[in-house]
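Next up, input_1.cif (mmCIF, C-alpha atoms):
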```
data_my_file
#
loop_
_atom_site.label_atom_id
_atom_site.label_comp_id
_atom_site.auth_asym_id
_atom_site.auth_seq_id
_atom_site.Cartn_x
_atom_site.Cartn_y
_atom_site.Cartn_z
CA MET X 1 36.93 9.16 48.04
CA LEU X 2 37.37 8.72 44.28
CA THR X 3 34.50 7.73 41.94
CA THR X 4 34.46 7.29 38.17
CA THR X 5 31.52 6.89 35.78
CA GLU X 6 31.27 6.68 32.01
CA SER X 7 28.86 7.13 29.12
CA VAL X 8 28.93 6.33 25.40
CA THR X 9 27.49 8.09 22.35
CA ILE X 10 24.72 6.73 20.13
CA GLY X 11 27.42 5.75 17.63
CA HIS X 12 29.29 3.46 20.01
CA PRO X 13 29.07 -0.18 18.76
CA ASP X 14 27.37 -1.50 21.91
CA LYS X 15 24.89 1.39 21.89
CA ILE X 16 24.10 0.84 18.21
CA CYS X 17 23.14 -2.73 19.11
CA ASP X 18 20.99 -1.54 22.02
CA GLN X 19 19.17 0.90 19.74
CA ILE X 20 18.60 -1.69 17.02
CA SER X 21 17.24 -4.20 19.54
CA ASP X 22 14.94 -1.61 21.14
CA ALA X 23 13.79 -0.27 17.77
CA ILE X 24 12.73 -3.85 16.97
CA VAL X 25 10.80 -4.04 20.27
CA ASP X 26 9.05 -0.75 19.41
CA ALA X 27 8.21 -1.94 15.89
CA TYR X 28 6.46 -5.01 17.28
CA LEU X 29 4.63 -3.08 20.02
CA VAL X 30 3.27 -0.57 17.49
CA GLN X 31 1.47 -3.43 15.75
CA ASP X 32 0.72 -5.62 18.77
CA PRO X 33 1.06 -4.20 22.31
CA LEU X 34 1.07 -7.75 23.71
CA SER X 35 4.12 -8.78 21.67
CA ARG X 36 6.73 -10.90 23.41
CA VAL X 37 10.18 -9.90 22.27
CA ALA X 38 13.68 -10.82 23.38
CA VAL X 39 16.15 -9.80 20.67
CA ASN X 40 19.90 -9.32 20.74
CA SER X 41 22.13 -7.71 18.13
CA MET X 42 25.84 -8.16 17.51
CA GLY X 43 27.84 -6.10 15.04
CA SER X 44 31.39 -6.98 14.12
CA HIS X 45 33.54 -5.61 11.28
CA GLY X 46 30.90 -5.20 8.62
CA ILE X 47 28.53 -7.95 9.77
CA LEU X 48 25.39 -7.51 11.92
CA PHE X 49 23.67 -10.52 13.48
CA ILE X 50 20.15 -10.16 14.92
CA GLY X 51 18.88 -13.13 16.91
CA GLY X 52 16.30 -13.94 19.53
CA GLU X 53 12.62 -14.59 20.01
CA ALA X 54 9.46 -12.75 19.01
CA THR X 55 5.85 -13.85 19.33
CA SER X 56 3.56 -11.22 17.88
CA LYS X 57 0.66 -10.50 15.55
CA GLY X 58 2.94 -7.96 13.91
CA THR X 59 5.70 -8.47 11.39
CA VAL X 60 9.00 -6.61 11.29
CA ASP X 61 11.68 -6.40 8.61
CA HIS X 62 14.56 -6.62 11.07
CA ALA X 63 17.32 -6.12 8.50
CA LYS X 64 15.76 -3.07 6.87
CA LEU X 65 15.07 -1.45 10.25
CA ALA X 66 18.66 -2.04 11.39
CA GLU X 67 20.17 -0.79 8.14
CA THR X 68 18.09 2.40 8.27
CA LEU X 69 18.99 3.08 11.88
CA TYR X 70 22.71 2.55 11.24
CA LYS X 71 22.56 5.21 8.52
CA GLU X 72 20.54 7.58 10.74
CA ILE X 73 23.18 7.35 13.46
CA GLY X 74 25.72 8.64 10.98
CA TYR X 75 27.46 5.68 9.31
CA ASP X 76 27.50 5.17 5.55
CA GLU X 77 29.13 1.73 5.33
CA THR X 78 27.09 -1.21 4.06
CA LEU X 79 26.47 -4.03 6.53
CA LYS X 80 25.95 -7.71 5.82
CA ILE X 81 22.93 -8.50 8.01
CA ILE X 82 21.97 -11.97 9.24
CA VAL X 83 18.63 -12.48 11.05
CA ASN X 84 17.52 -15.47 13.12
CA VAL X 85 14.43 -14.55 15.16
CA VAL X 86 12.03 -17.35 16.19
CA PRO X 87 8.89 -17.57 18.39
CA GLN X 88 9.20 -17.52 22.18
CA SER X 89 9.59 -20.88 23.91
CA PRO X 90 6.19 -22.26 25.04
CA ASP X 91 7.82 -23.32 28.31
CA ILE X 92 8.47 -19.65 29.13
CA ALA X 93 5.15 -18.46 27.70
CA GLN X 94 3.03 -20.68 29.94
CA GLY X 95 4.32 -18.87 33.03
CA VAL X 96 4.14 -15.38 31.55
CA ASP X 97 0.64 -15.86 30.12
CA THR X 98 -0.75 -16.13 33.65
CA GLY X 99 0.92 -12.88 34.73
CA GLY X 100 4.14 -14.36 36.05
CA ALA X 101 7.63 -12.90 35.69
CA GLY X 102 9.39 -13.61 32.41
CA ASP X 103 12.53 -14.71 34.24
CA GLN X 104 14.14 -14.98 37.64
CA GLY X 105 16.60 -12.35 38.83
CA MET X 106 17.31 -9.31 40.98
CA MET X 107 16.61 -5.69 40.05
CA TYR X 108 17.66 -2.42 41.67
CA GLY X 109 16.37 1.13 41.56
CA PHE X 110 18.03 4.23 43.00
CA ALA X 111 17.24 7.90 43.53
CA THR X 112 19.01 10.78 45.24
CA ASP X 113 18.16 14.43 45.84
CA GLU X 114 21.66 15.66 44.92
CA THR X 115 20.62 16.58 41.34
CA PRO X 116 17.34 17.57 39.65
CA GLU X 117 17.53 14.29 37.70
CA MET X 118 17.63 12.40 41.02
CA LEU X 119 20.83 10.71 39.84
CA PRO X 120 24.39 10.95 41.14
CA ARG X 121 26.13 14.03 39.73
CA GLN X 122 28.84 11.83 38.19
CA VAL X 123 26.24 9.97 36.11
CA VAL X 124 24.57 13.21 35.00
CA ALA X 125 27.94 14.68 33.98
CA ALA X 126 29.06 11.66 31.96
CA HIS X 127 25.79 11.60 30.00
CA ALA X 128 25.92 15.37 29.45
CA LEU X 129 29.25 14.93 27.68
CA THR X 130 28.06 12.23 25.27
CA ARG X 131 24.81 14.07 24.56
CA GLY X 132 26.95 17.12 23.87
CA LEU X 133 29.16 15.23 21.43
CA THR X 134 26.11 14.12 19.47
CA ALA X 135 24.64 17.63 19.47
CA LEU X 136 27.90 19.18 18.23
CA ARG X 137 27.86 16.95 15.14
CA ALA X 138 24.85 18.90 13.86
CA LYS X 139 26.57 22.30 14.19
CA PRO X 140 28.59 24.10 11.48
CA GLY X 141 32.32 23.72 11.98
CA PHE X 142 32.04 20.26 13.54
CA GLU X 143 31.89 18.21 10.36
CA TRP X 144 35.07 16.50 11.55
CA LEU X 145 33.22 14.96 14.54
CA LYS X 146 31.94 11.42 13.83
CA PRO X 147 29.36 9.18 15.59
CA ASP X 148 31.48 6.94 17.84
CA GLY X 149 32.60 8.23 21.22
CA LYS X 150 32.86 7.79 24.99
CA SER X 151 33.11 9.95 28.07
CA GLN X 152 34.40 9.37 31.58
CA VAL X 153 34.51 11.60 34.63
CA THR X 154 36.34 11.14 37.90
CA TYR X 155 35.35 12.94 41.10
CA ALA X 156 37.39 13.26 44.29
CA ASN X 157 35.32 13.85 47.43
CA GLY X 158 32.46 15.15 45.30
CA ASN X 159 34.63 17.53 43.23
CA LEU X 160 35.43 17.06 39.55
CA LYS X 161 39.00 15.81 39.08
CA THR X 162 39.35 14.42 35.54
CA ILE X 163 37.42 14.71 32.27
CA LEU X 164 38.08 12.06 29.62
CA VAL X 165 36.53 12.05 26.15
CA SER X 166 37.34 9.82 23.22
CA CYS X 167 35.63 10.88 20.00
CA GLN X 168 35.75 9.55 16.47
CA HIS X 169 37.02 12.19 14.07
CA ALA X 170 37.95 12.90 10.46
CA GLU X 171 41.50 12.13 9.43
CA ASN X 172 42.44 15.72 8.55
CA ILE X 173 42.18 17.33 11.99
CA GLU X 174 44.92 17.54 14.62
CA GLN X 175 44.37 16.33 18.18
CA VAL X 176 45.33 19.72 19.61
CA GLU X 177 42.50 21.32 17.60
CA ILE X 178 40.02 18.65 18.72
CA LYS X 179 40.89 19.30 22.37
CA ALA X 180 40.64 23.07 21.92
CA GLN X 181 37.22 22.89 20.26
CA LEU X 182 35.80 20.44 22.78
CA THR X 183 37.13 22.50 25.69
CA GLU X 184 35.41 25.61 24.40
CA HIS X 185 32.18 24.13 23.09
CA LEU X 186 31.60 21.09 25.34
CA PHE X 187 33.58 21.06 28.58
CA LYS X 188 33.06 24.71 29.53
CA PRO X 189 29.30 24.68 28.83
CA VAL X 190 28.87 21.52 30.89
CA PHE X 191 31.23 22.25 33.80
CA GLY X 192 32.01 25.97 33.73
CA ASN X 193 35.36 26.77 35.36
CA LEU X 194 37.94 24.13 34.41
CA THR X 195 40.77 25.42 36.62
CA GLY X 196 42.69 22.54 38.14
CA ILE X 197 40.75 19.91 36.13
CA GLU X 198 42.72 17.28 34.20
CA ILE X 199 41.40 17.05 30.63
CA LEU X 200 42.14 14.01 28.48
CA VAL X 201 40.99 13.85 24.84
CA ASN X 202 41.65 10.83 22.61
CA PRO X 203 44.52 9.49 24.74
CA THR X 204 45.70 7.08 22.01
CA GLY X 205 46.28 10.08 19.72
CA ARG X 206 43.93 8.91 16.96
CA PHE X 207 40.30 7.75 16.62
CA VAL X 208 39.39 7.70 12.91
CA GLN X 209 37.74 4.29 12.56
CA GLY X 210 34.51 3.75 14.48
CA GLY X 211 31.32 1.75 14.71
CA PHE X 212 31.12 -1.87 13.58
CA PHE X 213 34.13 -1.45 11.29
CA ALA X 214 36.43 -0.68 14.21
CA ASP X 215 35.05 -2.78 17.05
CA THR X 216 32.43 -5.36 18.00
CA GLY X 217 29.15 -4.27 19.57
CA LEU X 218 26.64 -6.32 21.54
CA THR X 219 23.23 -5.62 23.05
CA GLY X 220 23.29 -5.26 26.83
CA ARG X 221 27.00 -4.68 27.27
CA LYS X 222 26.57 -1.16 28.69
CA ILE X 223 24.30 -1.93 31.65
CA MET X 224 26.25 0.34 34.01
CA VAL X 225 26.15 3.22 31.52
CA ASP X 226 22.41 2.57 31.20
CA THR X 227 21.80 2.76 34.95
CA TYR X 228 23.87 4.27 37.78
CA GLY X 229 27.44 4.17 36.55
CA GLY X 230 28.51 1.34 38.82
CA LEU X 231 27.86 3.45 41.92
CA ILE X 232 24.77 1.35 42.73
CA PRO X 233 24.46 -2.48 42.52
CA HIS X 234 23.03 -4.03 39.37
CA GLY X 235 21.22 -7.37 39.09
CA GLY X 236 23.03 -8.19 35.84
CA GLY X 237 20.07 -8.30 33.48
CA ALA X 238 20.21 -5.95 30.49
CA PHE X 239 17.20 -3.85 29.45
CA SER X 240 17.40 -3.41 25.69
CA GLY X 241 15.72 -5.81 23.29
CA LYS X 242 13.13 -6.98 25.82
CA ASP X 243 9.39 -6.39 26.03
CA PRO X 244 8.06 -5.37 29.49
CA SER X 245 7.04 -8.90 30.52
CA LYS X 246 10.77 -9.33 31.16
CA VAL X 247 11.25 -8.07 34.73
CA ASP X 248 14.92 -7.39 34.02
CA ARG X 249 13.53 -4.28 32.37
CA SER X 250 10.12 -3.47 33.84
CA ALA X 251 10.95 -4.19 37.48
CA ALA X 252 14.18 -2.18 37.28
CA TYR X 253 12.14 0.74 35.96
CA PHE X 254 9.59 0.29 38.75
CA CYS X 255 12.28 0.11 41.44
CA ARG X 256 13.61 3.43 40.12
CA TYR X 257 10.05 4.84 40.16
CA VAL X 258 9.51 3.77 43.78
CA ALA X 259 12.91 5.12 44.87
CA ARG X 260 12.06 8.45 43.22
CA GLN X 261 8.74 8.55 45.06
CA LEU X 262 10.45 8.08 48.41
CA VAL X 263 12.88 10.92 47.71
CA LYS X 264 10.22 13.21 46.20
CA ARG X 265 8.12 12.82 49.35
CA GLU X 266 11.18 13.83 51.38
CA LEU X 267 11.12 10.58 53.32
CA CYS X 268 14.86 10.24 52.65
CA HIS X 269 17.70 11.85 50.72
CA ARG X 270 18.66 8.68 48.86
CA ALA X 271 17.08 5.28 48.45
CA THR X 272 17.92 1.95 46.83
CA VAL X 273 14.97 -0.35 46.18
CA ARG X 274 15.66 -4.05 45.59
CA VAL X 275 13.38 -6.76 44.24
CA ALA X 276 13.76 -10.39 43.12
CA TYR X 277 11.51 -12.76 41.15
CA ALA X 278 11.03 -16.43 40.27
CA ILE X 279 10.19 -17.22 36.65
CA GLY X 280 6.46 -17.73 36.13
CA ARG X 281 5.52 -16.34 39.54
CA ALA X 282 3.81 -12.96 39.82
CA GLU X 283 4.60 -12.00 43.41
CA PRO X 284 8.28 -11.16 43.97
CA VAL X 285 10.28 -13.36 46.31
CA MET X 286 11.90 -10.24 47.80
CA VAL X 287 11.14 -6.55 48.13
CA ASP X 288 13.51 -4.42 50.18
CA VAL X 289 14.76 -0.85 50.50
CA GLU X 290 17.94 0.73 51.84
CA SER X 291 17.88 4.44 52.60
CA ASP X 292 19.13 7.15 54.94
CA ALA X 293 15.67 7.51 56.50
CA LYS X 294 15.36 7.15 60.25
CA GLU X 295 12.61 4.57 59.87
CA ASP X 296 12.33 1.36 57.88
CA LEU X 297 10.55 2.20 54.62
CA ARG X 298 9.94 -1.38 53.54
CA PRO X 299 6.47 -1.69 55.16
CA LEU X 300 5.42 1.46 53.31
CA ILE X 301 6.48 0.27 49.86
CA GLU X 302 5.06 -3.22 50.42
CA LYS X 303 1.71 -1.65 51.33
CA GLU X 304 1.58 1.04 48.65
CA PHE X 305 3.32 -0.40 45.58
CA ASP X 306 2.34 -3.50 43.63
CA PHE X 307 5.44 -5.22 42.26
CA THR X 308 3.68 -7.89 40.18
CA PRO X 309 4.67 -7.69 36.50
CA LYS X 310 1.12 -7.01 35.29
CA ALA X 311 0.64 -4.16 37.78
CA ILE X 312 4.01 -2.62 36.86
CA ILE X 313 3.22 -2.72 33.14
CA GLU X 314 -0.18 -1.08 33.71
CA LYS X 315 1.09 1.53 36.17
CA LEU X 316 3.90 2.74 33.92
CA GLY X 317 2.19 2.16 30.56
CA LEU X 318 4.98 -0.09 29.35
CA ARG X 319 3.14 -1.57 26.35
CA LYS X 320 3.82 1.61 24.37
CA PRO X 321 6.69 1.86 21.83
CA ILE X 322 8.98 4.01 23.99
CA TYR X 323 12.12 1.93 24.12
CA LYS X 324 14.43 3.00 21.31
CA GLN X 325 14.91 6.37 23.01
CA THR X 326 15.90 4.68 26.29
CA ALA X 327 18.84 3.06 24.49
CA GLU X 328 20.34 6.37 23.43
CA ASN X 329 21.63 8.08 26.57
CA GLY X 330 20.70 6.21 29.72
CA HIS X 331 17.39 4.80 30.91
CA PHE X 332 17.03 7.23 33.82
CA GLY X 333 16.95 10.99 34.25
CA ASN X 334 14.85 11.76 31.15
CA PRO X 335 11.44 13.17 32.15
CA VAL X 336 9.73 11.77 29.04
CA PHE X 337 9.98 8.26 30.46
CA PRO X 338 6.97 7.28 32.63
CA TRP X 339 9.11 5.92 35.49
CA GLU X 340 10.76 9.34 35.71
#
```
Mind turning this structure into structure tokens?
Amino acid sequence: MLTTTESVTIGHPDKICDQISDAIVDAYLVQDPLSRVAVNSMGSHGILFIGGEATSKGTVDHAKLAETLYKEIGYDETLKIIVNVVPQSPDIAQGVDTGGAGDQGMMYGFATDETPEMLPRQVVAAHALTRGLTALRAKPGFEWLKPDGKSQVTYANGNLKTILVSCQHAENIEQVEIKAQLTEHLFKPVFGNLTGIEILVNPTGRFVQGGFFADTGLTGRKIMVDTYGGLIPHGGGAFSGKDPSKVDRSAAYFCRYVARQLVKRELCHRATVRVAYAIGRAEPVMVDVESDAKEDLRPLIEKEFDFTPKAIIEKLGLRKPIYKQTAENGHFGNPVFPWE
């Protein structure tokens, strides 16, 4: 069996948009924990558009926040920034105000005991590579390494088969040198023995342009990178840019939390928790679980875990400004997050 997963660095255009959108959510929550925010960002060839809805007692300079974050990530180009953020629709608010879900949809959460992070090893490996690329940029001798980048790993029957990394770089370094440095300082520390492993680095032969001046980025376009690498189903709703009243985000986090609890208690080796909501209604229309346990675990989770949006927000403390960090390197596997 062959499986492939990927990850992207904080300088990837889609990830920049995720971080901007989540930094905006955090900025509102700092001032007003009950803020309602649904903001998307799109960057394209020197232009950044920020649009969406925000109802809050707080005020945020969206353009200044985005410009500062773009520089912090490692880009020095100047962006033309357009902002169109308006209050949340009252038709949506009237259902959410009473504790109902902010939208309809399906959410999934997964956990496995195959790694300490309770994630598939392929997902852990892909994220380790992109975290490593970002870390190397701060080290002497890696001034040539720039913010944009991606990783991909392929496993065959549980064994590593192929490593793929594309990384933005300075113009004055040869590809053979890039591969040699990454092999020594990234691939070996992450994987150890590389005998028999196919290694691909910048397959096009050049990756000098990056960020919004090379490609278009959009909030929510890396939902598989953010979750389980495509190995587990996804309901389709992105996380970034949304306050926790949006169950696309909060319920997916809670499903992950519940799946982790089942595995931690050694009730199963792996579990997928599924839930679905109707907009404006607090009680989910579906709660289910699939696992390798000998018994049906659904009665247990229905009895022990409250899947209403209000209960989820309170249980996990989701009114706190914790979201920008989730947009950097996956929403799961980091012990600082309350659902982990």
Evaluate the PyMOL selection byres ((chain X and resi 69-74) around 10) on the structure here and hand back the selected residues as a CSV table (one decimal) with C-alpha atoms, in the coordinates of the input.
```csv
chain,number,residue,atom,x,y,z
X,9,THR,CA,27.5,8.1,22.4
X,10,ILE,CA,24.7,6.7,20.1
X,11,GLY,CA,27.4,5.8,17.6
X,12,HIS,CA,29.3,3.5,20.0
X,16,ILE,CA,24.1,0.8,18.2
X,17,CYS,CA,23.1,-2.7,19.1
X,19,GLN,CA,19.2,0.9,19.7
X,20,ILE,CA,18.6,-1.7,17.0
X,23,ALA,CA,13.8,-0.3,17.8
X,63,ALA,CA,17.3,-6.1,8.5
X,64,LYS,CA,15.8,-3.1,6.9
X,65,LEU,CA,15.1,-1.4,10.2
X,66,ALA,CA,18.7,-2.0,11.4
X,67,GLU,CA,20.2,-0.8,8.1
X,68,THR,CA,18.1,2.4,8.3
X,75,TYR,CA,27.5,5.7,9.3
X,76,ASP,CA,27.5,5.2,5.6
X,77,GLU,CA,29.1,1.7,5.3
X,78,THR,CA,27.1,-1.2,4.1
X,79,LEU,CA,26.5,-4.0,6.5
X,134,THR,CA,26.1,14.1,19.5
X,137,ARG,CA,27.9,17.0,15.1
X,146,LYS,CA,31.9,11.4,13.8
X,147,PRO,CA,29.4,9.2,15.6
X,148,ASP,CA,31.5,6.9,17.8
X,211,GLY,CA,31.3,1.8,14.7
X,212,PHE,CA,31.1,-1.9,13.6
```
Practice problem: Would you translate the PyMOL selection byres ((chain X and resi 7) around 12) into the concrete set of residues it matches in this file, as a PyMOL selection string? | Solution: chain X and resi 4-6+8-12+14-15+122-133+148-153+163-167+222-230+327-331
May I have the selected residues written with C-alpha atoms, as a PDB file, keeping the file's coordinate frame?
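Wrote selection.pdb, looks like this:
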```
ATOM      1  CA  THR X   4      34.460   7.290  38.170  1.00  0.00           C
ATOM      2  CA  THR X   5      31.520   6.890  35.780  1.00  0.00           C
ATOM      3  CA  GLU X   6      31.270   6.680  32.010  1.00  0.00           C
ATOM      4  CA  VAL X   8      28.930   6.330  25.400  1.00  0.00           C
ATOM      5  CA  THR X   9      27.490   8.090  22.350  1.00  0.00           C
ATOM      6  CA  ILE X  10      24.720   6.730  20.130  1.00  0.00           C
ATOM      7  CA  GLY X  11      27.420   5.750  17.630  1.00  0.00           C
ATOM      8  CA  HIS X  12      29.290   3.460  20.010  1.00  0.00           C
ATOM      9  CA  ASP X  14      27.370  -1.500  21.910  1.00  0.00           C
ATOM     10  CA  LYS X  15      24.890   1.390  21.890  1.00  0.00           C
ATOM     11  CA  GLN X 122      28.840  11.830  38.190  1.00  0.00           C
ATOM     12  CA  VAL X 123      26.240   9.970  36.110  1.00  0.00           C
ATOM     13  CA  VAL X 124      24.570  13.210  35.000  1.00  0.00           C
ATOM     14  CA  ALA X 125      27.940  14.680  33.980  1.00  0.00           C
ATOM     15  CA  ALA X 126      29.060  11.660  31.960  1.00  0.00           C
ATOM     16  CA  HIS X 127      25.790  11.600  30.000  1.00  0.00           C
ATOM     17  CA  ALA X 128      25.920  15.370  29.450  1.00  0.00           C
ATOM     18  CA  LEU X 129      29.250  14.930  27.680  1.00  0.00           C
ATOM     19  CA  THR X 130      28.060  12.230  25.270  1.00  0.00           C
ATOM     20  CA  ARG X 131      24.810  14.070  24.560  1.00  0.00           C
ATOM     21  CA  GLY X 132      26.950  17.120  23.870  1.00  0.00           C
ATOM     22  CA  LEU X 133      29.160  15.230  21.430  1.00  0.00           C
ATOM     23  CA  ASP X 148      31.480   6.940  17.840  1.00  0.00           C
ATOM     24  CA  GLY X 149      32.600   8.230  21.220  1.00  0.00           C
ATOM     25  CA  LYS X 150      32.860   7.790  24.990  1.00  0.00           C
ATOM     26  CA  SER X 151      33.110   9.950  28.070  1.00  0.00           C
ATOM     27  CA  GLN X 152      34.400   9.370  31.580  1.00  0.00           C
ATOM     28  CA  VAL X 153      34.510  11.600  34.630  1.00  0.00           C
ATOM     29  CA  ILE X 163      37.420  14.710  32.270  1.00  0.00           C
ATOM     30  CA  LEU X 164      38.080  12.060  29.620  1.00  0.00           C
ATOM     31  CA  VAL X 165      36.530  12.050  26.150  1.00  0.00           C
ATOM     32  CA  SER X 166      37.340   9.820  23.220  1.00  0.00           C
ATOM     33  CA  CYS X 167      35.630  10.880  20.000  1.00  0.00           C
ATOM     34  CA  LYS X 222      26.570  -1.160  28.690  1.00  0.00           C
ATOM     35  CA  ILE X 223      24.300  -1.930  31.650  1.00  0.00           C
ATOM     36  CA  MET X 224      26.250   0.340  34.010  1.00  0.00           C
ATOM     37  CA  VAL X 225      26.150   3.220  31.520  1.00  0.00           C
ATOM     38  CA  ASP X 226      22.410   2.570  31.200  1.00  0.00           C
ATOM     39  CA  THR X 227      21.800   2.760  34.950  1.00  0.00           C
ATOM     40  CA  TYR X 228      23.870   4.270  37.780  1.00  0.00           C
ATOM     41  CA  GLY X 229      27.440   4.170  36.550  1.00  0.00           C
ATOM     42  CA  GLY X 230      28.510   1.340  38.820  1.00  0.00           C
ATOM     43  CA  ALA X 327      18.840   3.060  24.490  1.00  0.00           C
ATOM     44  CA  GLU X 328      20.340   6.370  23.430  1.00  0.00           C
ATOM     45  CA  ASN X 329      21.630   8.080  26.570  1.00  0.00           C
ATOM     46  CA  GLY X 330      20.700   6.210  29.720  1.00  0.00           C
ATOM     47  CA  HIS X 331      17.390   4.800  30.910  1.00  0.00           C
TER      48      HIS X 331
END
```
Quiz item: Separation of CA of Ile178 (chain X) and CA of Val201 (chain X), in Å?
Solution: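 The value is 7.8 Å.
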Quiz item: Please, what distance in Å, to one decimal, runs between CA of Val336 (chain X) and CA of Glu53 (chain X)?
Solution: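 CA of Val336 (chain X) sits 28.0 Å away from CA of Glu53 (chain X).
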Practice problem: For the file shown, report as a PyMOL selection string the outcome of the PyMOL selection byres ((chain X and resi 181-185) around 12) at residue level. | Solution: chain X and resi 129-130+132-133+135-137+139+141-142+144-145+163-167+173-180+186-195+197-202
Quiz prompt | Counting all atoms listed in the file, the option among X:Ile50, X:Ala138, X:Met42, X:Val275 closest to Ser250 (chain X) | solution =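 Going through X:Ile50, X:Ala138, X:Met42, X:Val275 one by one, the smallest distance to Ser250 (chain X) is for X:Val275.
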Taking all atoms of region 144-161 of chain X that appear in the file, build a box with edges along x, y and z, extend it by 5 Å on every side, and state its centre and edge lengths in Å to one decimal, as AutoDock Vina command-line options.
```
--center_x 34.2 --center_y 12.2 --center_z 29.5 --size_x 19.6 --size_y 20.6 --size_z 45.9
```
Self-check item: Polymer residues at most 8 Å from Gln31 (chain X), all atoms listed in the file, same-chain spacing of 4 or more positions, as a ChimeraX atom specification
Solution: /X:27,57-59
Quiz item: Could you state the separation of CA of Asp103 (chain X) and CA of Gln88 (chain X) in Å, given to one decimal place?
Solution: 12.8 Å
Self-check item: Counting all atoms listed in the file, the residue of X:Arg265, X:Thr216, X:Leu2, X:Val208 that sits nearest Thr162 (chain X)
Solution: X:Leu2
Quiz prompt | Among listed residues X:Met107, X:Leu262, X:Arg319, X:Leu34, nearest Tyr277 (chain X) (using all atoms listed in the file) | solution =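 That would be X:Met107, the residue with the smallest distance to Tyr277 (chain X).
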Self-check item: Residue nearest Ser41 (chain X) - candidates X:Ile322, X:Met118, X:Val60, X:Leu218, atoms counted: only C-alpha atoms
Solution: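 Looking at the shortest contact to Ser41 (chain X), the residue is X:Leu218.
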Quiz prompt | Pick from X:Ser44, X:Thr272, X:Asn159, X:Ser21, whichever lies nearest to Phe213 (chain X) using only C-alpha atoms | solution =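 So, comparing all the options, the nearest one is X:Ser44.
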Using the structure just given, write a file holding N, CA and C atoms for region 179-194 of chain X, as a CSV table (one decimal), in the first residue's frame.
```
chain,number,residue,atom,x,y,z
X,179,LYS,N,20.6,20.4,-2.3
X,179,LYS,CA,20.3,19.0,-1.9
X,179,LYS,C,21.3,18.5,-0.9
X,180,ALA,N,22.5,18.8,-1.0
X,180,ALA,CA,23.5,18.3,-0.1
X,180,ALA,C,23.3,18.9,1.3
X,181,GLN,N,23.0,20.2,1.4
X,181,GLN,CA,22.8,20.8,2.7
X,181,GLN,C,21.5,20.3,3.4
X,182,LEU,N,20.5,20.1,2.6
X,182,LEU,CA,19.2,19.7,3.2
X,182,LEU,C,19.3,18.2,3.6
X,183,THR,N,20.1,17.4,2.8
X,183,THR,CA,20.3,16.0,3.2
X,183,THR,C,21.0,15.9,4.5
X,184,GLU,N,22.0,16.7,4.7
X,184,GLU,CA,22.8,16.6,6.0
X,184,GLU,C,22.1,17.3,7.2
X,185,HIS,N,21.4,18.4,6.9
X,185,HIS,CA,20.9,19.2,8.1
X,185,HIS,C,19.4,19.0,8.3
X,186,LEU,N,18.7,18.4,7.3
X,186,LEU,CA,17.2,18.2,7.5
X,186,LEU,C,16.8,16.8,7.4
X,187,PHE,N,17.1,16.1,6.3
X,187,PHE,CA,16.6,14.8,6.1
X,187,PHE,C,17.2,13.8,7.0
X,188,LYS,N,18.5,13.8,7.3
X,188,LYS,CA,19.1,12.9,8.2
X,188,LYS,C,18.6,13.1,9.6
X,189,PRO,N,18.6,14.3,10.1
X,189,PRO,CA,18.0,14.5,11.5
X,189,PRO,C,16.6,14.1,11.7
X,190,VAL,N,15.8,14.2,10.6
X,190,VAL,CA,14.4,13.8,10.7
X,190,VAL,C,14.2,12.3,10.6
X,191,PHE,N,14.9,11.7,9.6
X,191,PHE,CA,14.7,10.3,9.2
X,191,PHE,C,15.8,9.3,9.6
X,192,GLY,N,17.0,9.8,9.9
X,192,GLY,CA,18.1,8.9,10.2
X,192,GLY,C,18.7,8.3,8.9
X,193,ASN,N,18.8,7.0,8.8
X,193,ASN,CA,19.3,6.3,7.7
X,193,ASN,C,18.5,6.5,6.4
X,194,LEU,N,19.1,7.0,5.4
X,194,LEU,CA,18.4,7.3,4.1
X,194,LEU,C,18.7,6.3,3.0
```
